[in-house]
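For reference, coords_28.cif (mmCIF, C-alpha atoms and all ligand atoms):
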```
data_structure
#
loop_
_atom_site.label_atom_id
_atom_site.label_comp_id
_atom_site.auth_asym_id
_atom_site.auth_seq_id
_atom_site.Cartn_x
_atom_site.Cartn_y
_atom_site.Cartn_z
CA MET L 1 -14.48 -10.38 -7.30
CA SER L 2 -12.71 -12.59 -9.89
CA THR L 3 -9.27 -11.42 -8.85
CA LEU L 4 -7.89 -14.96 -8.96
CA SER L 5 -9.55 -16.33 -12.09
CA ASP L 6 -7.39 -18.90 -13.90
CA LYS L 7 -5.12 -19.23 -10.86
CA ARG L 8 -4.36 -22.75 -9.69
CA ILE L 9 -3.68 -23.01 -5.99
CA LEU L 10 -2.50 -26.05 -4.08
CA LEU L 11 -3.61 -25.88 -0.46
CA VAL L 12 -1.78 -28.04 2.08
CA ILE L 13 -3.94 -28.42 5.18
CA GLY L 14 -1.89 -29.27 8.27
CA GLY L 15 -2.89 -30.95 11.51
CA GLY L 16 -3.98 -28.17 13.82
CA ILE L 17 -7.21 -26.98 15.36
CA ALA L 18 -7.28 -24.10 12.85
CA ALA L 19 -7.77 -26.60 10.01
CA TYR L 20 -11.50 -25.81 10.19
CA LYS L 21 -10.71 -22.27 8.98
CA SER L 22 -9.19 -23.75 5.84
CA LEU L 23 -12.65 -24.90 4.80
CA ASP L 24 -13.69 -21.26 4.62
CA LEU L 25 -10.39 -20.38 2.93
CA ILE L 26 -11.21 -22.82 0.11
CA ARG L 27 -14.59 -21.16 -0.33
CA ARG L 28 -13.10 -17.64 -0.39
CA LEU L 29 -10.43 -18.59 -2.91
CA ARG L 30 -12.98 -20.27 -5.19
CA GLU L 31 -15.32 -17.25 -4.93
CA ARG L 32 -12.51 -15.24 -6.49
CA GLY L 33 -12.13 -17.64 -9.38
CA ALA L 34 -9.20 -19.80 -8.19
CA ALA L 35 -9.11 -23.58 -8.65
CA VAL L 36 -8.05 -25.13 -5.34
CA THR L 37 -6.38 -28.55 -5.13
CA PRO L 38 -6.40 -29.75 -1.50
CA VAL L 39 -3.63 -31.83 0.00
CA MET L 40 -4.22 -33.04 3.54
CA THR L 41 -1.54 -34.28 5.90
CA ALA L 42 -2.25 -37.42 7.91
CA ALA L 43 -2.68 -35.25 11.01
CA ALA L 44 -5.08 -32.89 9.22
CA ALA L 45 -7.52 -35.76 8.70
CA GLU L 46 -7.83 -35.89 12.51
CA PHE L 47 -9.31 -32.39 12.49
CA VAL L 48 -11.40 -32.06 9.30
CA THR L 49 -12.74 -34.75 7.02
CA PRO L 50 -11.48 -35.27 3.46
CA LEU L 51 -15.14 -35.45 2.48
CA ALA L 52 -15.85 -31.87 3.62
CA VAL L 53 -12.61 -30.57 2.08
CA GLY L 54 -13.24 -32.31 -1.24
CA ALA L 55 -16.85 -31.15 -1.39
CA LEU L 56 -15.89 -27.51 -0.80
CA ALA L 57 -13.03 -27.64 -3.29
CA ALA L 58 -15.16 -29.62 -5.79
CA ARG L 59 -11.99 -31.62 -6.38
CA ARG L 60 -10.29 -34.73 -5.29
CA VAL L 61 -8.29 -34.49 -2.07
CA TYR L 62 -4.71 -35.79 -2.19
CA SER L 63 -3.03 -37.19 0.91
CA ASP L 64 -0.97 -40.27 0.13
CA LEU L 65 2.58 -40.07 -1.23
CA PHE L 66 2.52 -43.75 -2.10
CA ASP L 67 -0.78 -43.74 -4.00
CA ARG L 68 -0.25 -46.45 -6.63
CA GLU L 69 -2.46 -44.89 -9.28
CA ASP L 70 -1.29 -41.32 -8.91
CA GLU L 71 2.34 -42.22 -8.75
CA GLN L 72 2.31 -44.09 -12.07
CA ASP L 73 3.26 -40.70 -13.53
CA VAL L 74 5.08 -39.48 -10.39
CA GLY L 75 2.00 -37.55 -9.29
CA HIS L 76 3.61 -35.64 -6.45
CA ILE L 77 5.97 -33.89 -8.85
CA ARG L 78 3.05 -33.13 -11.19
CA LEU L 79 1.06 -31.67 -8.29
CA ALA L 80 4.06 -29.59 -7.24
CA ARG L 81 4.56 -28.21 -10.74
CA GLU L 82 1.10 -27.49 -12.09
CA HIS L 83 0.11 -24.85 -9.54
CA ASP L 84 0.74 -21.10 -9.38
CA LEU L 85 0.97 -21.01 -5.59
CA VAL L 86 1.27 -23.44 -2.68
CA ILE L 87 -0.46 -22.38 0.55
CA VAL L 88 0.15 -24.20 3.81
CA ALA L 89 -2.72 -23.43 6.20
CA PRO L 90 -2.56 -24.16 9.00
CA ALA L 91 1.22 -24.50 8.97
CA THR L 92 2.10 -26.43 12.10
CA ALA L 93 5.35 -26.04 14.07
CA ASP L 94 6.17 -29.53 12.90
CA ARG L 95 5.64 -28.69 9.21
CA MET L 96 7.84 -25.60 9.46
CA ALA L 97 10.61 -27.66 11.07
CA ARG L 98 10.31 -30.35 8.42
CA LEU L 99 10.59 -27.90 5.56
CA VAL L 100 13.63 -26.24 7.14
CA THR L 101 15.24 -29.67 7.32
CA GLY L 102 14.08 -30.67 3.83
CA LEU L 103 12.09 -33.74 4.90
CA ALA L 104 9.98 -35.33 2.16
CA ASP L 105 8.53 -38.41 3.80
CA ASP L 106 4.90 -37.46 3.14
CA LEU L 107 3.03 -35.95 0.18
CA ALA L 108 3.03 -32.39 1.57
CA GLY L 109 6.78 -32.55 2.29
CA ALA L 110 7.59 -33.88 -1.17
CA ILE L 111 5.45 -31.21 -2.87
CA LEU L 112 7.02 -28.41 -0.83
CA LEU L 113 10.49 -29.51 -1.93
CA ALA L 114 9.57 -30.11 -5.57
CA THR L 115 7.52 -26.99 -6.27
CA ARG L 116 8.86 -23.97 -8.08
CA ALA L 117 5.78 -21.92 -7.23
CA PRO L 118 5.82 -19.39 -4.39
CA VAL L 119 4.96 -20.88 -0.99
CA LEU L 120 2.74 -19.02 1.48
CA MET L 121 2.51 -20.32 5.04
CA ALA L 122 -0.19 -19.39 7.57
CA PRO L 123 1.19 -20.68 10.88
CA ALA L 124 -1.15 -21.62 13.70
CA MET L 125 -0.06 -22.96 17.03
CA ASN L 126 -0.05 -22.46 20.77
CA PRO L 127 1.78 -19.21 21.70
CA ALA L 128 4.40 -21.17 23.65
CA MET L 129 5.14 -23.24 20.53
CA TRP L 130 5.32 -20.12 18.35
CA SER L 131 7.70 -18.32 20.73
CA HIS L 132 9.95 -21.36 21.25
CA THR L 133 13.49 -20.68 20.04
CA ALA L 134 13.28 -23.63 17.65
CA THR L 135 10.19 -22.19 15.93
CA ARG L 136 11.71 -18.67 15.95
CA ARG L 137 14.80 -20.10 14.24
CA ASN L 138 12.74 -22.07 11.72
CA HIS L 139 10.56 -19.06 10.92
CA LEU L 140 13.60 -16.88 10.17
CA GLN L 141 15.22 -19.62 8.12
CA LEU L 142 12.09 -20.14 6.03
CA ILE L 143 11.84 -16.39 5.35
CA GLU L 144 15.46 -16.50 4.23
CA ASP L 145 14.61 -19.48 2.00
CA GLY L 146 11.94 -17.37 0.27
CA VAL L 147 8.80 -18.68 1.99
CA ARG L 148 6.14 -15.97 2.47
CA PHE L 149 4.18 -15.77 5.71
CA VAL L 150 0.80 -14.41 6.71
CA GLY L 151 0.12 -14.21 10.44
CA PRO L 152 -0.03 -15.58 13.00
CA GLY L 153 -2.11 -13.03 14.87
CA LYS L 154 -2.73 -12.38 18.53
CA GLY L 155 -5.81 -13.47 20.41
CA GLU L 156 -7.62 -16.20 22.29
CA MET L 157 -6.45 -19.72 21.55
CA ALA L 158 -8.55 -22.87 21.36
CA GLU L 159 -6.91 -23.98 24.61
CA LYS L 160 -8.96 -22.62 27.49
CA GLY L 161 -7.58 -19.46 29.06
CA GLU L 162 -4.61 -19.20 26.67
CA ALA L 163 -3.94 -16.08 24.67
CA GLY L 164 -1.00 -14.68 22.75
CA THR L 165 0.52 -14.86 19.28
CA GLY L 166 -0.30 -18.04 17.44
CA ARG L 167 -3.76 -17.69 15.92
CA MET L 168 -3.96 -18.48 12.24
CA ALA L 169 -4.64 -15.45 10.03
CA GLU L 170 -8.31 -15.16 9.06
CA PRO L 171 -9.23 -16.56 5.64
CA LEU L 172 -9.80 -13.10 4.14
CA GLY L 173 -6.38 -11.97 5.39
CA ILE L 174 -4.83 -14.99 3.68
CA VAL L 175 -6.78 -14.22 0.49
CA ALA L 176 -5.45 -10.64 0.50
CA GLU L 177 -1.91 -11.98 0.69
CA VAL L 178 -2.63 -14.46 -2.12
CA GLU L 179 -3.94 -11.62 -4.26
CA ALA L 180 -0.84 -9.55 -3.52
CA ILE L 181 1.33 -12.46 -4.69
CA LEU L 182 -0.68 -13.63 -7.71
CA ALA L 183 -2.49 -10.52 -8.85
CA PRO L 184 -0.27 -7.60 -7.92
CA PRO L 185 -1.97 -4.24 -8.39
CA ALA L 186 -1.62 -2.64 -11.81
CA ARG L 187 1.16 -0.10 -12.15
CA PRO L 188 -0.25 2.16 -14.85
CA LEU L 189 2.35 4.86 -14.17
CA ALA L 190 5.40 2.60 -14.52
CA GLY L 191 8.07 4.51 -16.44
CA ARG L 192 6.48 7.90 -15.62
CA SER L 193 8.01 10.54 -13.39
CA ALA L 194 6.12 12.79 -10.99
CA ILE L 195 6.82 15.80 -8.79
CA VAL L 196 4.59 16.46 -5.78
CA THR L 197 4.80 19.39 -3.39
CA SER L 198 3.37 18.99 0.09
CA GLY L 199 2.97 20.73 3.43
CA PRO L 200 3.22 24.40 4.35
CA THR L 201 6.07 26.81 3.78
CA HIS L 202 7.71 28.77 6.56
CA GLU L 203 8.65 32.34 5.72
CA PRO L 204 11.10 33.72 8.28
CA ILE L 205 10.50 37.02 10.07
CA ASP L 206 13.67 36.85 12.14
CA PRO L 207 15.86 33.95 13.32
CA VAL L 208 13.14 32.62 15.64
CA ARG L 209 9.81 33.63 14.09
CA TYR L 210 8.11 32.75 10.84
CA ILE L 211 4.83 33.02 8.91
CA ALA L 212 3.24 29.61 8.40
CA ASN L 213 -0.13 27.95 7.77
CA ARG L 214 -2.03 24.94 9.06
CA SER L 215 -1.23 22.50 6.25
CA SER L 216 -0.20 19.09 7.65
CA GLY L 217 1.17 17.61 4.42
CA ARG L 218 -1.14 14.60 4.74
CA GLN L 219 -2.85 15.06 1.39
CA GLY L 220 0.37 15.81 -0.50
CA HIS L 221 2.25 12.91 1.04
CA ALA L 222 -0.70 10.57 0.32
CA ILE L 223 -0.68 11.66 -3.33
CA ALA L 224 3.08 11.06 -3.59
CA GLU L 225 2.52 7.56 -2.13
CA ALA L 226 -0.39 6.80 -4.47
CA LEU L 227 1.68 7.85 -7.51
CA ARG L 228 4.56 5.68 -6.28
CA ASP L 229 2.21 2.73 -5.77
CA ALA L 230 0.94 3.24 -9.32
CA GLY L 231 4.54 2.81 -10.50
CA ALA L 232 5.74 6.40 -11.00
CA SER L 233 9.16 7.54 -9.86
CA VAL L 234 8.32 10.37 -7.51
CA THR L 235 10.15 13.43 -6.19
CA LEU L 236 8.35 14.79 -3.14
CA VAL L 237 9.22 18.39 -2.29
CA SER L 238 8.06 18.84 1.27
CA GLY L 239 7.75 21.88 3.47
CA PRO L 240 8.20 21.45 7.25
CA VAL L 241 5.81 18.67 8.35
CA SER L 242 5.76 16.20 11.21
CA LEU L 243 5.15 13.22 8.90
CA PRO L 244 7.86 10.63 8.24
CA ASP L 245 9.41 10.58 4.75
CA PRO L 246 7.55 8.03 2.62
CA ASP L 247 9.63 5.09 1.34
CA GLY L 248 10.48 4.55 -2.29
CA MET L 249 10.81 8.12 -3.50
CA VAL L 250 13.20 11.06 -3.49
CA VAL L 251 12.25 13.54 -0.75
CA ARG L 252 13.54 17.13 -0.83
CA HIS L 253 13.03 19.13 2.35
CA VAL L 254 12.52 22.87 2.02
CA GLU L 255 11.29 25.70 4.22
CA THR L 256 10.40 28.69 2.09
CA ALA L 257 8.41 29.17 -1.11
CA GLY L 258 11.59 30.27 -2.88
CA GLN L 259 13.36 27.05 -1.87
CA MET L 260 10.31 25.02 -2.90
CA LEU L 261 10.32 26.50 -6.40
CA GLY L 262 14.07 25.85 -6.67
CA ALA L 263 13.62 22.19 -5.68
CA VAL L 264 10.73 21.73 -8.14
CA GLU L 265 12.73 23.25 -11.00
CA ALA L 266 15.70 21.04 -10.12
CA ALA L 267 13.42 17.97 -10.37
CA LEU L 268 12.29 18.80 -13.93
CA PRO L 269 11.66 17.31 -16.44
CA ALA L 270 8.71 15.19 -15.28
CA ASP L 271 5.56 13.73 -16.82
CA VAL L 272 3.30 15.14 -14.16
CA ALA L 273 3.53 17.70 -11.37
CA VAL L 274 0.98 17.98 -8.57
CA PHE L 275 1.21 21.11 -6.45
CA VAL L 276 -0.46 20.29 -3.16
CA ALA L 277 1.69 22.38 -0.82
CA ALA L 278 0.06 25.35 0.85
CA VAL L 279 2.65 27.89 -0.26
CA ALA L 280 2.70 31.21 1.54
CA ASP L 281 1.65 33.98 -0.86
CA TRP L 282 3.83 36.50 0.92
CA ARG L 283 7.11 36.60 2.75
CA VAL L 284 8.57 39.28 4.95
CA ALA L 285 10.29 41.73 2.61
CA THR L 286 13.44 41.98 4.68
CA GLU L 287 14.09 39.17 7.11
CA SER L 288 15.77 40.49 10.22
CA SER L 289 19.09 38.81 10.90
CA ARG L 290 18.58 39.44 14.64
CA LYS L 291 15.63 38.69 16.88
CA ILE L 292 13.26 41.65 16.75
CA LYS L 293 12.99 43.12 20.25
CA LYS L 294 10.22 44.96 22.02
CA THR L 295 11.33 48.57 22.04
CA GLY L 296 8.46 50.15 23.93
CA GLU L 297 7.68 52.17 20.80
CA GLY L 298 4.81 49.99 19.58
CA ALA L 299 4.68 46.96 17.29
CA PRO L 300 7.13 46.75 14.40
CA ALA L 301 5.70 47.13 10.90
CA LEU L 302 6.17 43.98 8.83
CA ALA L 303 6.45 44.85 5.15
CA LEU L 304 5.48 41.87 2.98
CA ALA L 305 6.72 40.92 -0.48
CA GLU L 306 4.98 38.55 -2.89
CA ASN L 307 6.35 35.01 -3.17
CA PRO L 308 6.94 33.29 -6.51
CA ASP L 309 3.82 31.52 -7.77
CA ILE L 310 5.11 27.96 -8.14
CA LEU L 311 2.08 26.59 -10.02
CA ALA L 312 2.03 29.48 -12.51
CA THR L 313 5.81 29.36 -12.98
CA ILE L 314 5.79 25.64 -13.80
CA GLY L 315 2.54 25.94 -15.79
CA HIS L 316 4.34 28.30 -18.19
CA HIS L 317 7.80 26.76 -17.88
CA ALA L 318 9.99 25.84 -20.87
CA GLU L 319 10.19 22.35 -19.35
CA ARG L 320 6.49 22.23 -18.39
CA PRO L 321 5.43 18.69 -17.44
CA GLY L 322 2.80 17.14 -19.73
CA LEU L 323 0.28 17.32 -16.91
CA VAL L 324 0.23 20.16 -14.36
CA ILE L 325 -2.22 19.94 -11.46
CA GLY L 326 -2.77 22.48 -8.71
CA PHE L 327 -4.78 22.58 -5.52
CA ALA L 328 -6.99 25.54 -4.73
CA ALA L 329 -7.60 25.76 -1.03
CA GLU L 330 -10.44 28.26 -0.81
CA THR L 331 -12.87 29.49 1.76
CA ASP L 332 -15.10 31.44 -0.66
CA ASP L 333 -16.30 31.18 -4.28
CA LEU L 334 -14.65 27.81 -4.67
CA LEU L 335 -15.55 27.05 -8.28
CA GLU L 336 -15.12 30.53 -9.64
CA ASN L 337 -11.65 30.82 -8.12
CA ALA L 338 -10.65 27.36 -9.33
CA ARG L 339 -11.77 28.11 -12.90
CA SER L 340 -9.90 31.38 -13.02
CA LYS L 341 -6.77 29.71 -11.60
CA LEU L 342 -6.90 27.05 -14.29
CA ALA L 343 -6.47 29.56 -17.08
CA ARG L 344 -4.18 32.01 -15.31
CA LYS L 345 -1.74 29.44 -14.04
CA GLY L 346 -1.46 27.26 -17.12
CA ALA L 347 -2.75 24.20 -15.22
CA ASP L 348 -4.55 21.18 -16.71
CA ALA L 349 -6.59 20.61 -13.58
CA ILE L 350 -7.33 22.32 -10.31
CA LEU L 351 -8.46 20.31 -7.32
CA ALA L 352 -10.62 22.71 -5.41
CA ASN L 353 -11.21 22.04 -1.74
CA ASP L 354 -13.06 24.08 0.80
CA VAL L 355 -10.74 24.77 3.72
CA SER L 356 -13.23 26.77 5.80
CA PRO L 357 -12.52 25.92 9.46
CA ALA L 358 -15.94 24.20 9.82
CA GLY L 359 -14.97 21.54 7.24
CA GLY L 360 -11.80 20.46 9.09
CA VAL L 361 -9.92 19.73 5.84
CA MET L 362 -6.75 21.59 6.81
CA GLY L 363 -4.85 19.09 8.96
CA GLY L 364 -7.83 16.66 8.98
CA ALA L 365 -8.10 13.10 7.64
CA ASP L 366 -10.76 13.61 4.92
CA ASN L 367 -11.15 15.78 1.87
CA THR L 368 -14.03 16.74 -0.41
CA ILE L 369 -12.64 17.58 -3.80
CA ARG L 370 -14.04 19.18 -6.93
CA LEU L 371 -11.82 18.46 -9.91
CA VAL L 372 -11.97 21.37 -12.32
CA THR L 373 -10.64 21.04 -15.88
CA ALA L 374 -11.29 22.89 -19.13
CA GLU L 375 -13.86 20.16 -19.88
CA GLY L 376 -15.91 20.62 -16.72
CA VAL L 377 -16.22 19.86 -13.03
CA GLU L 378 -16.12 16.43 -11.36
CA ASP L 379 -17.51 16.33 -7.83
CA TRP L 380 -15.83 13.66 -5.73
CA PRO L 381 -17.49 12.36 -2.59
CA THR L 382 -15.87 13.05 0.79
CA LEU L 383 -12.95 10.62 0.91
CA ALA L 384 -10.10 9.77 3.26
CA LYS L 385 -7.05 11.68 2.00
CA SER L 386 -5.43 8.35 1.03
CA ALA L 387 -8.51 7.38 -1.02
CA ALA L 388 -8.64 10.80 -2.68
CA ALA L 389 -4.95 10.33 -3.53
CA LYS L 390 -5.62 6.93 -5.13
CA ARG L 391 -8.45 8.37 -7.15
CA LEU L 392 -6.22 11.20 -8.37
CA ALA L 393 -3.45 8.74 -9.31
CA ALA L 394 -5.98 6.75 -11.38
CA TRP L 395 -7.20 9.97 -13.02
CA ILE L 396 -3.60 10.96 -13.82
CA ALA L 397 -2.87 7.51 -15.29
CA ALA L 398 -5.97 7.68 -17.50
CA ARG L 399 -5.14 11.22 -18.60
CA LEU L 400 -1.48 10.48 -19.39
CA GLY L 401 -2.53 7.32 -21.22
CA ARG L 402 -5.00 9.33 -23.30
CA LYS L 403 -2.39 11.92 -24.17
CA GLY L 404 -0.01 9.18 -25.31
CA SER L 405 3.53 10.32 -24.65
CA ALA L 406 2.45 13.47 -22.79
C1 LIG G 501 -5.63 -31.68 19.56
C2 LIG G 501 -4.35 -31.29 18.88
C3 LIG G 501 -4.21 -30.02 18.40
C4 LIG G 501 -3.03 -29.62 17.78
N1 LIG G 501 -2.91 -28.33 17.31
C5 LIG G 501 -1.76 -27.94 16.77
C6 LIG G 501 -1.60 -26.61 16.30
O1 LIG G 501 -2.53 -25.79 16.38
N2 LIG G 501 -0.42 -26.24 15.78
C7 LIG G 501 0.62 -27.11 15.69
O2 LIG G 501 1.69 -26.69 15.22
N3 LIG G 501 0.50 -28.38 16.08
C8 LIG G 501 -0.67 -28.82 16.61
N4 LIG G 501 -0.78 -30.11 17.01
C9 LIG G 501 0.33 -31.07 16.78
C10 LIG G 501 0.35 -31.51 15.32
O3 LIG G 501 -0.87 -32.13 14.97
C11 LIG G 501 1.52 -32.49 15.10
O4 LIG G 501 2.73 -31.80 15.32
C12 LIG G 501 1.52 -33.11 13.71
O5 LIG G 501 2.66 -33.92 13.59
C13 LIG G 501 1.52 -32.07 12.61
O6 LIG G 501 1.63 -32.71 11.38
P1 LIG G 501 1.42 -31.97 9.99
O7 LIG G 501 2.15 -30.70 10.05
O8 LIG G 501 1.96 -32.94 8.99
O9 LIG G 501 -0.04 -31.80 9.82
C14 LIG G 501 -1.97 -30.55 17.63
C15 LIG G 501 -2.14 -31.86 18.11
C16 LIG G 501 -3.31 -32.22 18.72
C17 LIG G 501 -3.45 -33.64 19.21
#
```

Let's see the structure in the file written out as C-alpha cells.
Ligand SMILES: Cc1cc2nc3c(=O)[nH]c(=O)nc-3n(C[C@H](O)[C@H](O)[C@H](O)COP(=O)(O)O)c2cc1C
Amino acid sequence: MSTLSDKRILLVIGGGIAAYKSLDLIRRLRERGAAVTPVMTAAAAEFVTPLAVGALAARRVYSDLFDREDEQDVGHIRLAREHDLVIVAPATADRMARLVTGLADDLAGAILLATRAPVLMAPAMNPAMWSHTATRRNHLQLIEDGVRFVGPGKGEMAEKGEAGTGRMAEPLGIVAEVEAILAPPARPLAGRSAIVTSGPTHEPIDPVRYIANRSSGRQGHAIAEALRDAGASVTLVSGPVSLPDPDGMVVRHVETAGQMLGAVEAALPADVAVFVAAVADWRVATESSRKIKKTGEGAPALALAENPDILATIGHHAERPGLVIGFAAETDDLLENARSKLARKGADAILANDVSPAGGVMGGADNTIRLVTAEGVEDWPTLAKSAAAKRLAAWIAARLGRKGSA
C-alpha cells in the first residue's frame, strides 16, 4: 500500500462542486504514504472548509499569495519547488484558462507557473463548459505544454437532470495516475531481449485450403506485452490471428511452421524465448498448386510430413537463448508429457496447460498453468491470460537475474 512513501504532493483544490471528492483524495494519497500539502483557491473555500482539508491532510492549508509571514522567504516559490507533483483537483474551466494564459494573480496560479514538478489536472465541470471550444482549445494547449490529465468522465452531474462528460475522475483513478507518474512500475527486464511465438500455424493443402488449429494467440500476445511492459525488447512471431499487433515491439507475421522457425532463427540471439504458438506437427507432404477437385473417384489421400520442432531446434541451437520456455498444450497425461518434453526439447521450463474442450482454454480468456522445471512443478491458480503473462514475466525476470548474464 505504501506506493507513494516519501512523495511530497501539493494539491490545489479549485472551486467546483467536486471539491468534496478532494477530501477523499487526500485520504487516499496519505494512505499510500504521501505527504499532501493543500492549497485552496478562494473559490474552493466556498465549497469545502479549510478546517476539513487541513484536518485530513494533517497539515496547514495555504491559500493566500500575499501572506506576510509566508512570503518573508517568498513562500510561493518554496511551495512550488519542494514537491514531487502538483495535482489540481478539481481543475475548473477558469483555472485551465488561467494557466494557458500564464496568470499568476493568486497562490495557485503562481505555484503552477513556478513549479518544475509534473502537473496533473483532474478537470470537473458542467458538460457544456467542458465541450465549449474555449475549454477544448485550453485542454489541447495544456497537453502540449506538458500538463497531464486524468478524466473527466461521463455521468450524472450535480446539476439536476444533466449528464455528459465533465465529472471529475474518482479519487482512486487519480491515485492510479499519480502512482504511474511517481512510482512507475519496475522494469526488471530492461536491456534484455525476448522472442515470443504466438497463434496457430496454417499448413496449406492447396491454394484455398489449409490445416489449422483453434489457437487464438491471446496467451502468446499477452506474454509478449508483459515482457515488453517489464522492459524487454520483444520480437513477436505471430501465426495468423485476428488480434491487432501490440505496440512497442517488432512483429513478424508468418503462416507455416517452417516460416515460423525461420523468423525465430532470424531474431536470434535473445536472452529468452517463449514458444507459445500452437505449431502444427504435420504439414501436407506435397501442397497442390491447384485447387483439388472432386473427381467422383472418392476422397483424395493427404500424405503428411512432419514439421520442424521449433522448441527442440532452438533448445539445442548454437545460439540458444539463456532461457528457453515452451508450452505444452495437452489433453492427456499433462505432467508426464511436460516432463518428458523438458528433457527432450532442451527447454528450461514447460508451461503445461490442459486444452481439453471442457476447460475452454483454447481461444478462451483464462488459463490454468503448471510450470514444470527440472526443480519441480509450480501449480498456478486459474488466471486471466494477461495475469498469467505477468506472472510468467516476473518468473523470467527472477530467473534471468539469478543466472546473472544468462
Ligand atoms: C455553485 C457553483 C458551482 C461551480 N462548479 C464549477 C465546476 O464544477 N467547474 C468549474 O469549472 N467551475 C465551477 N464553478 C465556477 C468556478 O467556481 C469559478 O469559475 C471560479 O472562478 C473558479 O476559480 P478557481 O479555479 O480559482 O477555483 C462553479 C460556481 C458555482 C457558484

Neighbouring residues of ligand LIG 501 (chain G) are defined here as those with any atom at most 7 Å from a ligand atom, counting all atoms listed in the file; list them as an MDAnalysis selection string. chainID L and resid 13:18 41:44 91:95 124:126

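Shortest atom-to-atom contact with Arg218 (chain L) among L:Asp354, L:Asp366, L:Glu203, L:Glu31: L:Asp366, counting only C-alpha atoms.
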
Give me, please, the distance in Å between CA of Ile292 (chain L) and CA of Pro240 (chain L), quoted to one decimal.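 Calculated distance between CA of Ile292 (chain L) and CA of Pro240 (chain L) is 22.9 Å.
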
Straight-line distance linking CA of Pro200 (chain L) with CA of Leu227 (chain L), stated in Å to one decimal: 20.4 Å

Ranking L:Ala312, L:Leu172, L:Val272, L:Ala277 by minimum distance to Gly239 (chain L) and counting only C-alpha atoms, which one comes first? L:Ala277

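Shortest separation to Ala273 (chain L) among L:Pro246, L:Gly315, L:Gly109, L:Pro300 occurs at residue L:Gly315, atoms counted being all atoms listed in the file.
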
Neighbouring residues of Arg148 (chain L) were defined as those with any atom within 9 Å, considering all atoms listed in the file; residues of the same chain fewer than 5 positions away were excluded. Please report them as a VMD selection string. chain L and resid 118 to 122 142 to 143

Between CA of Ala169 (chain L) and CA of Leu23 (chain L) lies a distance of 13.4 Å

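Near Val276 (chain L), within 6 Å and counting all atoms listed in the file, sit Thr197, Ser198, Gly220 and Phe327 of chain L; same-chain residues fewer than 2 positions away were not included.
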
Smallest atom-to-atom distance to Ala212 (chain L): which of L:Glu319, L:Asp24, L:Asp145, L:Glu255, using all atoms listed in the file?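 Of all the options, L:Glu255 lies closest to Ala212 (chain L).
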
Would you list the residues near (-7.2, -18.5, -7.1), meaning any protein, DNA or RNA residue with an atom at most 6 Å from that point in file coordinates, counting only C-alpha atoms, as an NGL selection string? :L and (4-5 or 7-9 or 29 or 33-35)

Can you tell me, as a PyMOL selection string, what residues are no more than 8 Å from Leu112 (chain L) when counting all atoms listed in the file, ignoring any on the same chain fewer than 3 positions away? chain L and resi 80+86+99+108-109+115+119

Find the residues near Ile174 (chain L): any atom within 12 Å, counting all atoms listed in the file, skip ones fewer than 6 places away on the same chain, and give them as number ranges by chain. L: 11, 21-22, 24-26, 28-29, 87-90, 120-123, 148-153, 168, 180-181

Which residues are near Gly258 (chain L)? Cut-off 9 Å, only C-alpha atoms, ignore same chain within fewer than 5 positions. Put them as number ranges by chain. L: 263, 307-308, 310

When you count all atoms listed in the file, which of these residues is closest to Arg283 (chain L): L:Gly75, L:Pro204, L:Gly296, L:Gly164?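 Of L:Gly75, L:Pro204, L:Gly296, L:Gly164, the one nearest Arg283 (chain L), counting all atoms listed in the file, is L:Pro204.
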
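The residue that comes closest to Gly54 (chain L), out of L:Lys160, L:Arg370, L:Arg27, L:Arg344 and on the basis of only C-alpha atoms, is L:Arg27.
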